[in-house]
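This is target.txt. It holds compact mmCIF, C-alpha atoms.
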# COMPACT_ATOMS: atom_id res chain seq x y z
CA MET A 1 168.12 47.17 224.97
CA LYS A 2 167.60 43.83 223.22
CA LEU A 3 164.04 43.29 221.94
CA PRO A 4 162.55 39.78 222.27
CA PHE A 5 161.39 39.80 218.63
CA ASN A 6 162.69 40.66 215.21
CA ALA A 7 161.79 44.32 214.74
CA LYS A 8 161.96 44.07 210.94
CA THR A 9 159.48 41.20 210.89
CA TYR A 10 157.19 43.05 213.29
CA LEU A 11 157.30 46.22 211.19
CA ALA A 12 156.66 44.35 207.93
CA GLY A 13 153.69 42.57 209.49
CA ALA A 14 152.30 45.83 210.86
CA LEU A 15 152.56 47.46 207.42
CA VAL A 16 150.74 44.55 205.75
CA LEU A 17 148.00 44.53 208.38
CA SER A 18 147.56 48.29 208.16
CA GLY A 19 147.15 48.10 204.39
CA ALA A 20 150.28 50.14 203.68
CA ILE A 21 151.77 47.15 201.88
CA ALA A 22 149.53 44.69 200.10
CA PRO A 23 150.32 41.00 200.65
CA PRO A 24 151.28 39.08 197.50
CA VAL A 25 148.34 37.77 195.49
CA MET A 26 148.45 34.03 195.06
CA ALA A 27 147.05 32.26 192.04
CA ASP A 28 144.76 29.27 192.57
CA ASP A 29 145.37 26.04 190.68
CA VAL A 30 142.44 24.88 188.57
CA SER A 31 141.53 21.23 189.11
CA HIS A 32 141.69 18.70 186.28
CA PHE A 33 137.92 18.33 186.52
CA GLU A 34 137.29 22.08 186.18
CA ALA A 35 139.89 22.38 183.39
CA ARG A 36 138.05 19.69 181.41
CA GLN A 37 134.73 21.51 181.90
CA LEU A 38 136.24 24.82 180.82
CA ARG A 39 137.76 23.22 177.71
CA GLU A 40 134.58 21.34 176.75
CA SER A 41 132.51 24.51 177.13
CA GLY A 42 134.95 26.44 174.91
CA GLN A 43 135.95 28.87 177.66
CA ILE A 44 139.65 27.99 177.34
CA LEU A 45 141.87 26.78 174.51
CA PRO A 46 143.04 23.16 174.43
CA LEU A 47 146.39 22.55 176.11
CA GLU A 48 147.80 21.35 172.78
CA THR A 49 147.07 24.76 171.22
CA ILE A 50 148.64 26.57 174.18
CA ILE A 51 151.77 24.41 173.94
CA GLU A 52 152.10 25.20 170.22
CA LYS A 53 151.89 28.92 171.01
CA ALA A 54 154.34 28.65 173.92
CA VAL A 55 156.95 26.82 171.83
CA ALA A 56 156.56 29.47 169.11
CA PHE A 57 157.52 32.11 171.72
CA ARG A 58 160.38 30.08 173.26
CA ASN A 59 161.64 26.99 171.46
CA GLY A 60 162.42 23.93 173.60
CA ASP A 61 160.87 21.03 175.47
CA VAL A 62 157.80 21.59 177.63
CA ILE A 63 158.58 20.24 181.10
CA ASP A 64 155.61 21.48 183.14
CA THR A 65 152.14 22.94 182.63
CA GLU A 66 149.62 24.40 185.05
CA LEU A 67 146.26 26.09 184.67
CA GLU A 68 145.68 28.79 187.26
CA ARG A 69 143.04 31.35 188.14
CA ASP A 70 144.59 34.71 188.99
CA ASP A 71 142.35 37.74 189.56
CA ASN A 72 139.47 35.92 187.79
CA MET A 73 141.70 35.37 184.75
CA LEU A 74 142.54 31.86 183.55
CA ILE A 75 146.26 31.53 182.85
CA TYR A 76 148.34 28.65 181.55
CA GLU A 77 151.80 28.57 183.09
CA ILE A 78 154.20 26.65 180.85
CA GLU A 79 157.83 25.79 181.64
CA ILE A 80 160.15 25.16 178.71
CA LEU A 81 163.69 23.77 178.78
CA ASP A 82 165.72 25.35 175.96
CA ALA A 83 168.73 23.91 174.10
CA GLN A 84 171.13 25.72 176.46
CA GLY A 85 169.59 24.01 179.51
CA ARG A 86 167.73 27.10 180.73
CA VAL A 87 164.17 26.89 182.00
CA TRP A 88 161.76 29.55 180.79
CA GLU A 89 158.40 30.23 182.42
CA LEU A 90 155.69 31.54 180.13
CA GLU A 91 152.24 32.74 181.14
CA LEU A 92 149.57 32.63 178.46
CA ASP A 93 145.96 33.75 178.57
CA ALA A 94 144.00 30.47 178.56
CA THR A 95 141.13 32.01 176.59
CA ASN A 96 143.10 33.24 173.56
CA GLY A 97 146.75 32.16 173.94
CA ASP A 98 148.15 35.70 174.25
CA LEU A 99 151.56 35.84 175.92
CA LEU A 100 151.21 37.58 179.29
CA GLY A 101 154.68 36.98 180.69
CA LEU A 102 158.04 35.41 179.91
CA GLU A 103 160.88 35.01 182.36
CA LEU A 104 163.96 32.93 182.90
CA ASP A 105 163.29 30.63 185.85
CA ASP A 106 165.87 30.54 188.63
Take the structure in the file and write it out as structure tokens.
Amino acid sequence: MKLPFNAKTYLAGALVLSGAIAPPVMADDVSHFEARQLRESGQILPLETIIEKAVAFRNGDVIDTELERDDNMLIYEIEILDAQGRVWELELDATNGDLLGLELDD
């Protein structure tokens, strides 16, 4: 018997709705206005400082930066293009510059 829907999609949706599988948590971008307020109040490090720290972890050219709020934590996401043409994504704690994650971007 052919079902009129994709059973896998239905099952996955049912598991998410039931709480058996948690949906992915999405980070929220911080606006330029809020980022300026956070920097001026000393709650986050200047972007220049974060870039220096990021390049110390993975040498190359910074090609993208974002400030995000994820689980009430402020995180800079920095993309760096290395000498071999690979793009690395680094996540740094915006309050102290600690490296939280490093991965090769697809």
TODO: Using all atoms listed in the file, determine which residues lie at most 8 Å from Asn96 (chain A), disregarding the query and same-chain residues fewer than 2 positions distant; provide the list as a count of residues only.
DONE: 5
TODO: Would you mind reading off the distance between CA of Leu47 (chain A) and CA of Tyr76 (chain A), one decimal, in Å?
DONE: 8.4 Å
Task: Computed interatomic separation between CA of Ile80 (chain A) and CA of Ser31 (chain A) (Å) - done: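 Atom-to-atom, CA of Ile80 (chain A) and CA of Ser31 (chain A) are spaced 21.7 Å apart.
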Open item on the list: So the first atom is CA of Leu102 (chain A) and the second is CA of Glu89 (chain A); what is the distance between them in Å, to one decimal place?
Closed with: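 Computing the Euclidean distance for CA of Leu102 (chain A) and CA of Glu89 (chain A) yields 5.8 Å.
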Task: Proximity to Ala27 (chain A) - best of A:Leu92, A:Leu74, A:Ala56, A:Ile51, only C-alpha atoms - done: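 For Ala27 (chain A), the nearest of the given residues is A:Leu74.
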